[in-house]
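Trainee: Input file: run-v7.cif. Contents: mmCIF, C-alpha atoms.
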```
data_run
#
loop_
_atom_site.group_PDB
_atom_site.id
_atom_site.type_symbol
_atom_site.label_atom_id
_atom_site.label_comp_id
_atom_site.auth_asym_id
_atom_site.auth_seq_id
_atom_site.Cartn_x
_atom_site.Cartn_y
_atom_site.Cartn_z
ATOM 1 C CA MET B 221 -5.828 -134.301 78.536
ATOM 2 C CA PHE B 222 -2.167 -135.264 78.656
ATOM 3 C CA ARG B 223 -0.025 -132.676 80.454
ATOM 4 C CA CYS B 224 3.725 -132.431 80.072
ATOM 5 C CA ILE B 225 5.944 -131.947 83.101
ATOM 6 C CA PRO B 226 7.167 -128.323 83.016
ATOM 7 C CA PRO B 227 10.868 -127.678 82.382
ATOM 8 C CA ARG B 228 13.075 -127.365 85.451
ATOM 9 C CA ARG B 229 13.471 -123.606 84.926
ATOM 10 C CA HIS B 230 9.745 -123.148 85.589
ATOM 11 C CA PHE B 231 10.186 -124.259 89.202
ATOM 12 C CA GLY B 232 12.096 -121.089 89.960
ATOM 13 C CA ARG B 233 14.513 -120.265 92.751
ATOM 14 C CA GLY B 234 11.930 -120.887 95.450
ATOM 15 C CA PHE B 235 11.838 -124.580 94.573
ATOM 16 C CA LEU B 236 15.623 -124.896 94.911
ATOM 17 C CA ARG B 237 15.655 -123.071 98.244
ATOM 18 C CA LYS B 238 13.264 -125.611 99.724
ATOM 19 C CA ARG B 239 15.783 -128.360 99.063
ATOM 20 C CA ARG B 240 18.500 -126.725 101.154
ATOM 21 C CA MET B 241 19.483 -128.304 104.446
ATOM 22 C CA LYS B 242 18.846 -125.648 107.073
ATOM 23 C CA LEU B 243 20.325 -125.728 110.565
ATOM 24 C CA GLN B 244 16.878 -125.966 112.164
ATOM 25 C CA LYS B 245 16.132 -129.087 110.119
ATOM 26 C CA LEU B 246 19.401 -130.676 111.228
ATOM 27 C CA TYR B 247 18.515 -129.892 114.847
ATOM 28 C CA ARG B 248 15.097 -131.475 114.332
ATOM 29 C CA TYR B 249 16.516 -134.701 112.917
ATOM 30 C CA VAL B 250 19.099 -135.043 115.693
ATOM 31 C CA ARG B 251 16.583 -134.254 118.402
ATOM 32 C CA GLN B 252 14.149 -136.810 116.956
ATOM 33 C CA ALA B 253 16.823 -139.501 117.132
ATOM 34 C CA ALA B 254 17.838 -138.446 120.639
ATOM 35 C CA ASP B 255 14.236 -138.518 121.876
ATOM 36 C CA GLU B 256 13.213 -141.799 120.248
ATOM 37 C CA TYR B 257 16.287 -143.777 121.297
ATOM 38 C CA ASN B 258 17.121 -141.985 124.561
ATOM 39 C CA LEU B 259 20.560 -141.055 123.241
ATOM 40 C CA ILE B 260 21.112 -138.095 125.574
ATOM 41 C CA GLU B 261 20.524 -138.107 129.327
ATOM 42 C CA ASP B 262 20.786 -135.376 131.922
ATOM 43 C CA GLY B 263 24.391 -134.860 132.982
ATOM 44 C CA ASP B 264 25.942 -136.605 129.963
ATOM 45 C CA LYS B 265 29.376 -135.592 128.754
ATOM 46 C CA ILE B 266 29.464 -136.541 125.089
ATOM 47 C CA ALA B 267 32.665 -137.037 123.131
ATOM 48 C CA VAL B 268 32.110 -136.299 119.446
ATOM 49 C CA ALA B 269 34.409 -138.329 117.195
ATOM 50 C CA VAL B 270 35.672 -135.811 114.625
ATOM 51 C CA SER B 271 37.608 -137.219 111.678
ATOM 52 C CA GLY B 272 37.518 -133.979 109.697
ATOM 53 C CA GLY B 273 34.956 -135.366 107.256
ATOM 54 C CA LYS B 274 31.622 -133.750 106.500
ATOM 55 C CA ASP B 275 29.585 -136.210 108.600
ATOM 56 C CA SER B 276 31.487 -135.765 111.847
ATOM 57 C CA LEU B 277 31.700 -131.980 111.396
ATOM 58 C CA ALA B 278 27.927 -131.751 110.832
ATOM 59 C CA LEU B 279 27.376 -133.856 113.954
ATOM 60 C CA LEU B 280 29.668 -131.571 115.957
ATOM 61 C CA TYR B 281 27.814 -128.500 114.685
ATOM 62 C CA ALA B 282 24.436 -130.041 115.518
ATOM 63 C CA LEU B 283 25.274 -131.149 119.067
ATOM 64 C CA ALA B 284 27.027 -127.855 119.853
ATOM 65 C CA GLY B 285 23.781 -126.042 119.045
ATOM 66 C CA LEU B 286 21.396 -128.631 120.453
ATOM 67 C CA LYS B 287 22.913 -128.479 123.936
ATOM 68 C CA ARG B 288 21.687 -124.894 124.269
ATOM 69 C CA PHE B 289 18.004 -125.831 124.217
ATOM 70 C CA TYR B 290 17.694 -129.606 124.707
ATOM 71 C CA PRO B 291 15.626 -130.543 127.807
ATOM 72 C CA ALA B 292 18.413 -132.729 129.229
ATOM 73 C CA SER B 293 21.529 -130.811 130.239
ATOM 74 C CA PHE B 294 24.719 -132.137 128.646
ATOM 75 C CA THR B 295 28.177 -131.031 127.577
ATOM 76 C CA ILE B 296 30.335 -132.051 124.623
ATOM 77 C CA CYS B 297 33.950 -132.223 123.595
ATOM 78 C CA ALA B 298 35.564 -133.175 120.278
ATOM 79 C CA ILE B 299 38.145 -135.930 119.845
ATOM 80 C CA THR B 300 40.225 -136.512 116.725
ATOM 81 C CA ILE B 301 42.317 -139.637 116.277
ATOM 82 C CA ASP B 302 45.492 -138.845 114.339
ATOM 83 C CA ILE B 303 46.423 -142.188 112.801
ATOM 84 C CA GLY B 304 49.744 -140.925 111.446
ATOM 85 C CA PHE B 305 49.231 -139.536 107.931
ATOM 86 C CA GLY B 306 50.308 -136.010 108.877
ATOM 87 C CA MET B 307 46.885 -134.434 108.374
ATOM 88 C CA ASP B 308 46.492 -130.800 109.460
ATOM 89 C CA PHE B 309 43.552 -130.474 111.861
ATOM 90 C CA THR B 310 43.998 -126.728 112.454
ATOM 91 C CA PRO B 311 40.704 -125.898 110.647
ATOM 92 C CA VAL B 312 38.859 -128.284 112.999
ATOM 93 C CA GLN B 313 40.483 -126.558 115.974
ATOM 94 C CA ARG B 314 39.252 -123.189 114.689
ATOM 95 C CA LEU B 315 35.704 -124.510 114.262
ATOM 96 C CA CYS B 316 35.741 -125.917 117.791
ATOM 97 C CA ASP B 317 36.923 -122.554 119.108
ATOM 98 C CA GLU B 318 34.031 -120.845 117.289
ATOM 99 C CA LEU B 319 31.554 -123.361 118.731
ATOM 100 C CA ASP B 320 33.138 -123.148 122.207
ATOM 101 C CA VAL B 321 33.847 -126.896 122.219
ATOM 102 C CA PRO B 322 37.022 -128.341 123.839
ATOM 103 C CA PHE B 323 39.114 -130.115 121.197
ATOM 104 C CA PHE B 324 41.533 -132.982 121.783
ATOM 105 C CA ILE B 325 43.858 -134.720 119.316
ATOM 106 C CA CYS B 326 44.970 -138.251 120.154
ATOM 107 C CA HIS B 327 48.190 -139.120 118.297
ATOM 108 C CA THR B 328 48.578 -142.815 117.504
ATOM 109 C CA GLN B 329 50.673 -145.219 115.426
ATOM 110 C CA ILE B 330 47.681 -146.866 113.780
ATOM 111 C CA LYS B 331 49.018 -146.219 110.281
ATOM 112 C CA ASP B 332 52.250 -148.071 111.044
ATOM 113 C CA ILE B 333 50.308 -151.009 112.512
ATOM 114 C CA VAL B 334 47.769 -151.308 109.673
ATOM 115 C CA PHE B 335 50.264 -150.824 106.834
ATOM 116 C CA HIS B 336 53.059 -152.904 108.342
ATOM 117 C CA PRO B 337 54.273 -155.362 105.655
ATOM 118 C CA GLU B 338 54.148 -158.272 108.105
ATOM 119 C CA ASN B 339 50.582 -157.519 109.205
ATOM 120 C CA PRO B 340 48.214 -160.026 107.530
ATOM 121 C CA ASN B 341 45.138 -158.225 108.831
ATOM 122 C CA GLY B 342 45.780 -154.721 107.523
ATOM 123 C CA SER B 343 42.168 -154.174 106.479
ATOM 124 C CA CYS B 344 39.905 -151.145 106.755
ATOM 125 C CA SER B 345 37.788 -152.922 109.371
ATOM 126 C CA PHE B 346 40.927 -153.599 111.431
ATOM 127 C CA CYS B 347 41.850 -149.900 111.211
ATOM 128 C CA ALA B 348 38.301 -148.917 112.224
ATOM 129 C CA ASN B 349 38.510 -151.166 115.299
ATOM 130 C CA LEU B 350 41.818 -149.607 116.336
ATOM 131 C CA ARG B 351 40.420 -146.104 115.909
ATOM 132 C CA ARG B 352 37.284 -147.035 117.870
ATOM 133 C CA GLY B 353 39.422 -148.375 120.700
ATOM 134 C CA ALA B 354 41.521 -145.199 120.764
ATOM 135 C CA LEU B 355 38.378 -143.059 120.783
ATOM 136 C CA ILE B 356 36.818 -144.958 123.672
ATOM 137 C CA SER B 357 40.048 -144.852 125.688
ATOM 138 C CA LYS B 358 40.393 -141.079 125.238
ATOM 139 C CA ALA B 359 36.711 -140.480 125.963
ATOM 140 C CA LEU B 360 36.950 -142.471 129.198
ATOM 141 C CA GLU B 361 40.101 -140.562 130.135
ATOM 142 C CA LEU B 362 38.143 -137.309 129.730
ATOM 143 C CA GLY B 363 35.271 -138.603 131.866
ATOM 144 C CA CYS B 364 32.775 -138.894 129.014
ATOM 145 C CA THR B 365 29.640 -141.028 129.305
ATOM 146 C CA LYS B 366 28.785 -141.183 125.592
ATOM 147 C CA LEU B 367 30.734 -141.350 122.331
ATOM 148 C CA ALA B 368 28.894 -139.839 119.347
ATOM 149 C CA LEU B 369 29.685 -141.132 115.845
ATOM 150 C CA GLY B 370 28.661 -139.485 112.567
ATOM 151 C CA HIS B 371 26.943 -142.414 110.845
ATOM 152 C CA HIS B 372 24.032 -141.170 108.725
ATOM 153 C CA LYS B 373 20.981 -142.817 107.151
ATOM 154 C CA GLU B 374 22.819 -144.349 104.195
ATOM 155 C CA ASP B 375 25.528 -145.748 106.481
ATOM 156 C CA ILE B 376 22.868 -147.713 108.328
ATOM 157 C CA ILE B 377 21.503 -149.099 105.044
ATOM 158 C CA TYR B 378 24.954 -149.857 103.566
ATOM 159 C CA THR B 379 26.010 -151.727 106.692
ATOM 160 C CA MET B 380 22.869 -153.846 106.490
ATOM 161 C CA MET B 381 23.444 -154.641 102.810
ATOM 162 C CA MET B 382 27.113 -155.498 103.327
ATOM 163 C CA SER B 383 26.208 -157.770 106.204
ATOM 164 C CA MET B 384 23.660 -159.620 104.073
ATOM 165 C CA LEU B 385 25.969 -159.901 101.037
ATOM 166 C CA PHE B 386 29.257 -160.755 102.742
ATOM 167 C CA GLU B 387 28.147 -162.437 105.970
ATOM 168 C CA GLY B 388 24.739 -163.867 105.109
ATOM 169 C CA ARG B 389 23.034 -162.268 108.094
ATOM 170 C CA PHE B 390 20.704 -159.354 108.755
ATOM 171 C CA TYR B 391 22.630 -156.816 110.822
ATOM 172 C CA THR B 392 23.248 -153.100 110.992
ATOM 173 C CA VAL B 393 24.638 -150.621 113.503
ATOM 174 C CA SER B 394 22.366 -149.441 116.299
ATOM 175 C CA PRO B 395 21.524 -145.841 117.248
ATOM 176 C CA TYR B 396 22.558 -146.733 120.805
ATOM 177 C CA THR B 397 25.179 -149.320 121.787
ATOM 178 C CA ALA B 398 26.238 -149.968 125.373
ATOM 179 C CA TYR B 399 29.458 -151.924 125.850
ATOM 180 C CA ASP B 400 29.568 -154.365 128.754
ATOM 181 C CA ASP B 401 33.341 -154.036 129.179
ATOM 182 C CA SER B 402 33.404 -150.217 129.440
ATOM 183 C CA GLN B 403 31.498 -147.431 131.121
ATOM 184 C CA ILE B 404 30.602 -145.640 127.921
ATOM 185 C CA ALA B 405 27.885 -145.954 125.281
ATOM 186 C CA VAL B 406 28.149 -145.233 121.556
ATOM 187 C CA ILE B 407 25.391 -143.105 120.017
ATOM 188 C CA ARG B 408 24.615 -142.202 116.398
ATOM 189 C CA PRO B 409 22.442 -139.043 116.349
ATOM 190 C CA LEU B 410 22.507 -138.613 112.521
ATOM 191 C CA ILE B 411 20.518 -141.756 111.670
ATOM 192 C CA TYR B 412 17.620 -139.719 110.208
ATOM 193 C CA VAL B 413 19.878 -137.451 108.104
ATOM 194 C CA SER B 414 20.735 -138.430 104.519
ATOM 195 C CA GLU B 415 24.214 -138.080 103.060
ATOM 196 C CA GLY B 416 22.900 -135.606 100.482
ATOM 197 C CA GLU B 417 21.528 -133.372 103.214
ATOM 198 C CA ILE B 418 24.847 -133.470 105.041
ATOM 199 C CA LYS B 419 26.714 -132.519 101.849
ATOM 200 C CA ASN B 420 24.303 -129.644 101.347
ATOM 201 C CA PHE B 421 24.719 -128.490 104.948
ATOM 202 C CA ALA B 422 28.515 -128.688 104.775
ATOM 203 C CA GLN B 423 28.516 -126.489 101.663
ATOM 204 C CA GLN B 424 26.071 -123.930 103.052
ATOM 205 C CA TYR B 425 27.890 -123.513 106.358
ATOM 206 C CA GLN B 426 31.365 -123.876 104.819
ATOM 207 C CA LEU B 427 32.439 -126.620 107.189
ATOM 208 C CA PRO B 428 36.240 -127.117 107.164
ATOM 209 C CA VAL B 429 36.242 -130.581 105.594
ATOM 210 C CA ILE B 430 39.723 -132.136 105.609
ATOM 211 C CA LYS B 431 40.767 -134.551 102.877
ATOM 212 C CA ASN B 432 41.521 -138.049 104.128
ATOM 213 C CA LEU B 433 45.110 -138.878 103.157
ATOM 214 C CA CYS B 434 44.736 -142.632 103.558
ATOM 215 C CA PRO B 435 45.593 -144.257 100.183
ATOM 216 C CA ARG B 436 42.683 -146.673 100.614
ATOM 217 C CA ASP B 437 40.103 -143.927 101.080
ATOM 218 C CA GLY B 438 37.370 -144.428 98.454
ATOM 219 C CA HIS B 439 38.844 -147.741 97.296
ATOM 220 C CA SER B 440 37.252 -150.166 99.741
ATOM 221 C CA ALA B 441 33.761 -151.489 100.464
ATOM 222 C CA ARG B 442 33.613 -149.616 103.778
#
```
Any chance you could put this one into C-alpha cells?
Mentor:
Amino acid sequence: MFRCIPPRRHFGRGFLRKRRMKLQKLYRYVRQAADEYNLIEDGDKIAVAVSGGKDSLALLYALAGLKRFYPASFTICAITIDIGFGMDFTPVQRLCDELDVPFFICHTQIKDIVFHPENPNGSCSFCANLRRGALISKALELGCTKLALGHHKEDIIYTMMMSMLFEGRFYTVSPYTAYDDSQIAVIRPLIYVSEGEIKNFAQQYQLPVIKNLCPRDGHSAR
C-alpha cells in the first residue's frame, strides 16, 4: 500500500532538537580530525586565526574546550589580523576573556596595499596571502608551533572544485601543512564539520560574529 510522507509538524520538537549542533558533537569532530591527521602534539602552542567570522569563532570555542581533556597537552592563543577597515573586535576580546585565551590583534596596512589604485594584483587571493603571512609572522613571534585555520568541510570541497574549474588540476587544502621555510605548521581541525552545523552552533551559543567590512565580501569566488 502506498504511504504518504507525514507532514513536517508530525515530526515534533524532538526531531528538530536532534538536528542541533551540540558542543559535544563539535568536540568529537575536532578530536577525530586531530587524531586521524596528527594535528595536535604534546607541548604544542596553537595560534587560532580569528577573523571574527562564525567559522574561526567556532574553532576557537572548540579548541579552548578540547585542551582540557585531550590526551596531548597543548595551549592556545587567538590572533586577529586587522587589515585596516576599522572593525571593532571588542566582542572577540570578551569571548577570549571568558574562555581564558590570550588575544592578540596585529594591525596592518593590508587594505591600503590591496586597494591601492596602482596595484594590478589587488585580488582576494593576494589579500589572503598577505593575511596568512601576517598570521604566521605573529604566531612565530609568540612562539607558536601550529596555526589553526577555520576551514570547514564545504571549504575543502569548494577549493577542490575551483581548482578543477579555474586551474584544470585536482587540488584542495590539506588538514595539515608544514612549511619548509618556517618553523610552524598550518592545521585545519574543522574539516569534518559542515557550514550548516557551524551556523547552528554559532546561533545556539551566541558567538559574537563580526560583520566583515570589506566591500568585496560575498562578491568574489573565494
Trainee: Out of B:Phe289, B:Tyr412, B:Phe309, B:Tyr281, which residue has the shortest atom-to-atom distance to His371 (chain B) when counting all atoms listed in the file?
Mentor: B:Tyr412
Trainee: Within 10 Å of region 238-253 of chain B, which residues of region 276-329 of chain B come that close, and what is the closest atom pair and distance in Å for each? Count only C-alpha atoms and give it as JSON lines.
Mentor:
```
{"residue": "B:Ala278", "atom": "CA", "partner": "B:Leu246", "partner_atom": "CA", "distance": 8.6}
{"residue": "B:Leu279", "atom": "CA", "partner": "B:Val250", "partner_atom": "CA", "distance": 8.5}
{"residue": "B:Tyr281", "atom": "CA", "partner": "B:Leu243", "partner_atom": "CA", "distance": 9.0}
{"residue": "B:Ala282", "atom": "CA", "partner": "B:Tyr247", "partner_atom": "CA", "distance": 6.0}
{"residue": "B:Leu283", "atom": "CA", "partner": "B:Val250", "partner_atom": "CA", "distance": 8.0}
{"residue": "B:Gly285", "atom": "CA", "partner": "B:Tyr247", "partner_atom": "CA", "distance": 7.8}
{"residue": "B:Leu286", "atom": "CA", "partner": "B:Tyr247", "partner_atom": "CA", "distance": 6.4}
{"residue": "B:Tyr290", "atom": "CA", "partner": "B:Arg251", "partner_atom": "CA", "distance": 7.9}
```
Trainee: So how many Å separate CA of Ile296 (chain B) and CA of Phe324 (chain B), to one decimal?
Mentor: 11.6 Å
Trainee: Once the PyMOL selection byres ((chain B and resi 261) around 8) has been evaluated on this model, what residues remain selected, and can you format them as a VMD selection string?
Mentor: chain B and resid 258 to 260 262 to 264 292 to 294
Trainee: If I put a ball of radius 10 Å at (47.7, -143.3, 123.3) in the file's coordinates, which residues poke into it when counting only C-alpha atoms, written as a list in words?
Mentor: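 Within 10 Å of (47.7, -143.3, 123.3), the protein and nucleic acid residues are Ile301, Cys326, His327, Thr328, Gln329, Ala354, Leu355, Ser357 and Lys358 of chain B.
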Trainee: What would the selection look like, as a list in words, if the PyMOL selection byres ((chain B and resi 274) around 7) were run on the coordinates I just shared?
Mentor: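 Selection result, ordered by chain and number: Gly272, Gly273, Asp275, Ser276, Leu277, Ala278, Ile418, Lys419, Ala422 and Val429 of chain B.
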Trainee: Could the residues in this selection be saved with C-alpha atoms as a CSV table (one decimal), in the coordinates of the input?
Mentor:
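Heads up, here's the output in again_2.csv:
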```
chain,number,residue,atom,x,y,z
B,272,GLY,CA,37.5,-134.0,109.7
B,273,GLY,CA,35.0,-135.4,107.3
B,275,ASP,CA,29.6,-136.2,108.6
B,276,SER,CA,31.5,-135.8,111.8
B,277,LEU,CA,31.7,-132.0,111.4
B,278,ALA,CA,27.9,-131.8,110.8
B,418,ILE,CA,24.8,-133.5,105.0
B,419,LYS,CA,26.7,-132.5,101.8
B,422,ALA,CA,28.5,-128.7,104.8
B,429,VAL,CA,36.2,-130.6,105.6
```
Trainee: Tell me which protein, DNA and RNA residues are within 12 Å of Lys331 (chain B), counting only C-alpha atoms, leaving out same-chain ones fewer than 4 positions away, and put them as a PyMOL selection string.
Mentor: chain B and resi 301-306+327+335-337+339+342-344+346-348+350-351+433-436
Trainee: One decimal, Å: what's the distance from CA of Pro322 (chain B) over to CA of Lys373 (chain B), could you say?
Mentor: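 It comes out at 27.3 Å.
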Trainee: For the PyMOL selection byres ((chain B and resi 394) around 9), applied here, can you spell out every residue it catches as a ChimeraX atom specification?
Mentor: /B:376,392-393,395-397,406-408
Trainee: I'd like the neighbourhood of Phe323 (chain B) as an mmCIF file with C-alpha atoms, keeping the file's coordinate frame, where a residue qualifies if any of its atoms comes within 9 Å (using all atoms listed in the file), though same-chain residues fewer than 3 positions away should be ignored.
Mentor:
```cif
data_model
loop_
_atom_site.group_PDB
_atom_site.id
_atom_site.type_symbol
_atom_site.label_atom_id
_atom_site.label_comp_id
_atom_site.auth_asym_id
_atom_site.auth_seq_id
_atom_site.Cartn_x
_atom_site.Cartn_y
_atom_site.Cartn_z
ATOM 1 C CA CYS B 297 33.950 -132.223 123.595
ATOM 2 C CA ALA B 298 35.564 -133.175 120.278
ATOM 3 C CA ILE B 299 38.145 -135.930 119.845
ATOM 4 C CA THR B 300 40.225 -136.512 116.725
ATOM 5 C CA VAL B 312 38.859 -128.284 112.999
ATOM 6 C CA GLN B 313 40.483 -126.558 115.974
ATOM 7 C CA CYS B 316 35.741 -125.917 117.791
ATOM 8 C CA ASP B 317 36.923 -122.554 119.108
#
```
Trainee: Just how far from CA of Ala405 (chain B) is CA of Leu362 (chain B), in Å to one decimal?
Mentor: 14.1 Å
Trainee: Given 8 Å on each side, where is the centre and what are the edge lengths in Å to one decimal of the axis-aligned box enclosing the listed atoms of region 257-263 of chain B, as AutoDock Vina command-line options?
Mentor:
```
--center_x 20.3 --center_y -139.3 --center_z 127.1 --size_x 24.1 --size_y 24.9 --size_z 27.7
```
Trainee: Given all atoms listed in the file as the basis, pick out the residue of B:Lys287, B:Met307, B:Glu374, B:Lys366 nearest to Asn432 (chain B).
Mentor: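 Among the listed residues, B:Met307 lies closest to Asn432 (chain B).
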Trainee: Keeping N, CA, C and O atoms (and nothing else), can you write region 358-372 of chain B of this structure as an mmCIF file, in the first residue's frame?
Mentor:
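Done, and the output landed in part22.cif:
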```cif
data_model
loop_
_atom_site.group_PDB
_atom_site.id
_atom_site.type_symbol
_atom_site.label_atom_id
_atom_site.label_comp_id
_atom_site.auth_asym_id
_atom_site.auth_seq_id
_atom_site.Cartn_x
_atom_site.Cartn_y
_atom_site.Cartn_z
ATOM 1 N N LYS B 358 53.221 36.653 13.241
ATOM 2 C CA LYS B 358 52.806 36.895 14.623
ATOM 3 C C LYS B 358 52.846 35.618 15.445
ATOM 4 O O LYS B 358 53.271 35.629 16.611
ATOM 5 N N ALA B 359 52.424 34.509 14.847
ATOM 6 C CA ALA B 359 52.445 33.231 15.567
ATOM 7 C C ALA B 359 53.871 32.832 15.933
ATOM 8 O O ALA B 359 54.130 32.355 17.045
ATOM 9 N N LEU B 360 54.804 33.022 15.007
ATOM 10 C CA LEU B 360 56.206 32.716 15.294
ATOM 11 C C LEU B 360 56.750 33.637 16.380
ATOM 12 O O LEU B 360 57.515 33.206 17.257
ATOM 13 N N GLU B 361 56.350 34.897 16.330
ATOM 14 C CA GLU B 361 56.782 35.860 17.353
ATOM 15 C C GLU B 361 56.326 35.427 18.742
ATOM 16 O O GLU B 361 57.037 35.632 19.743
ATOM 17 N N LEU B 362 55.135 34.817 18.811
ATOM 18 C CA LEU B 362 54.580 34.362 20.090
ATOM 19 C C LEU B 362 55.078 32.975 20.498
ATOM 20 O O LEU B 362 54.674 32.453 21.530
ATOM 21 N N GLY B 363 55.918 32.370 19.668
ATOM 22 C CA GLY B 363 56.460 31.054 19.992
ATOM 23 C C GLY B 363 55.513 29.903 19.714
ATOM 24 O O GLY B 363 55.643 28.832 20.326
ATOM 25 N N CYS B 364 54.587 30.098 18.787
ATOM 26 C CA CYS B 364 53.617 29.044 18.467
ATOM 27 C C CYS B 364 54.228 28.005 17.528
ATOM 28 O O CYS B 364 55.093 28.329 16.707
ATOM 29 N N THR B 365 53.760 26.778 17.643
ATOM 30 C CA THR B 365 54.216 25.690 16.777
ATOM 31 C C THR B 365 53.201 25.338 15.705
ATOM 32 O O THR B 365 53.538 24.710 14.701
ATOM 33 N N LYS B 366 51.942 25.736 15.899
ATOM 34 C CA LYS B 366 50.883 25.445 14.940
ATOM 35 C C LYS B 366 50.015 26.694 14.747
ATOM 36 O O LYS B 366 49.841 27.489 15.675
ATOM 37 N N LEU B 367 49.469 26.828 13.548
ATOM 38 C CA LEU B 367 48.500 27.874 13.242
ATOM 39 C C LEU B 367 47.220 27.190 12.797
ATOM 40 O O LEU B 367 47.202 26.476 11.791
ATOM 41 N N ALA B 368 46.129 27.385 13.533
ATOM 42 C CA ALA B 368 44.859 26.726 13.239
ATOM 43 C C ALA B 368 43.948 27.659 12.457
ATOM 44 O O ALA B 368 43.678 28.791 12.879
ATOM 45 N N LEU B 369 43.462 27.174 11.306
ATOM 46 C CA LEU B 369 42.545 27.936 10.456
ATOM 47 C C LEU B 369 41.163 27.299 10.474
ATOM 48 O O LEU B 369 41.031 26.079 10.625
ATOM 49 N N GLY B 370 40.129 28.117 10.268
ATOM 50 C CA GLY B 370 38.747 27.651 10.421
ATOM 51 C C GLY B 370 38.098 27.134 9.165
ATOM 52 O O GLY B 370 36.884 27.303 8.997
ATOM 53 N N HIS B 371 38.836 26.493 8.271
ATOM 54 C CA HIS B 371 38.228 25.930 7.065
ATOM 55 C C HIS B 371 37.389 24.707 7.425
ATOM 56 O O HIS B 371 37.865 23.794 8.109
ATOM 57 N N HIS B 372 36.153 24.666 6.941
ATOM 58 C CA HIS B 372 35.251 23.560 7.248
ATOM 59 C C HIS B 372 35.113 22.627 6.043
ATOM 60 O O HIS B 372 35.823 22.783 5.037
#
```
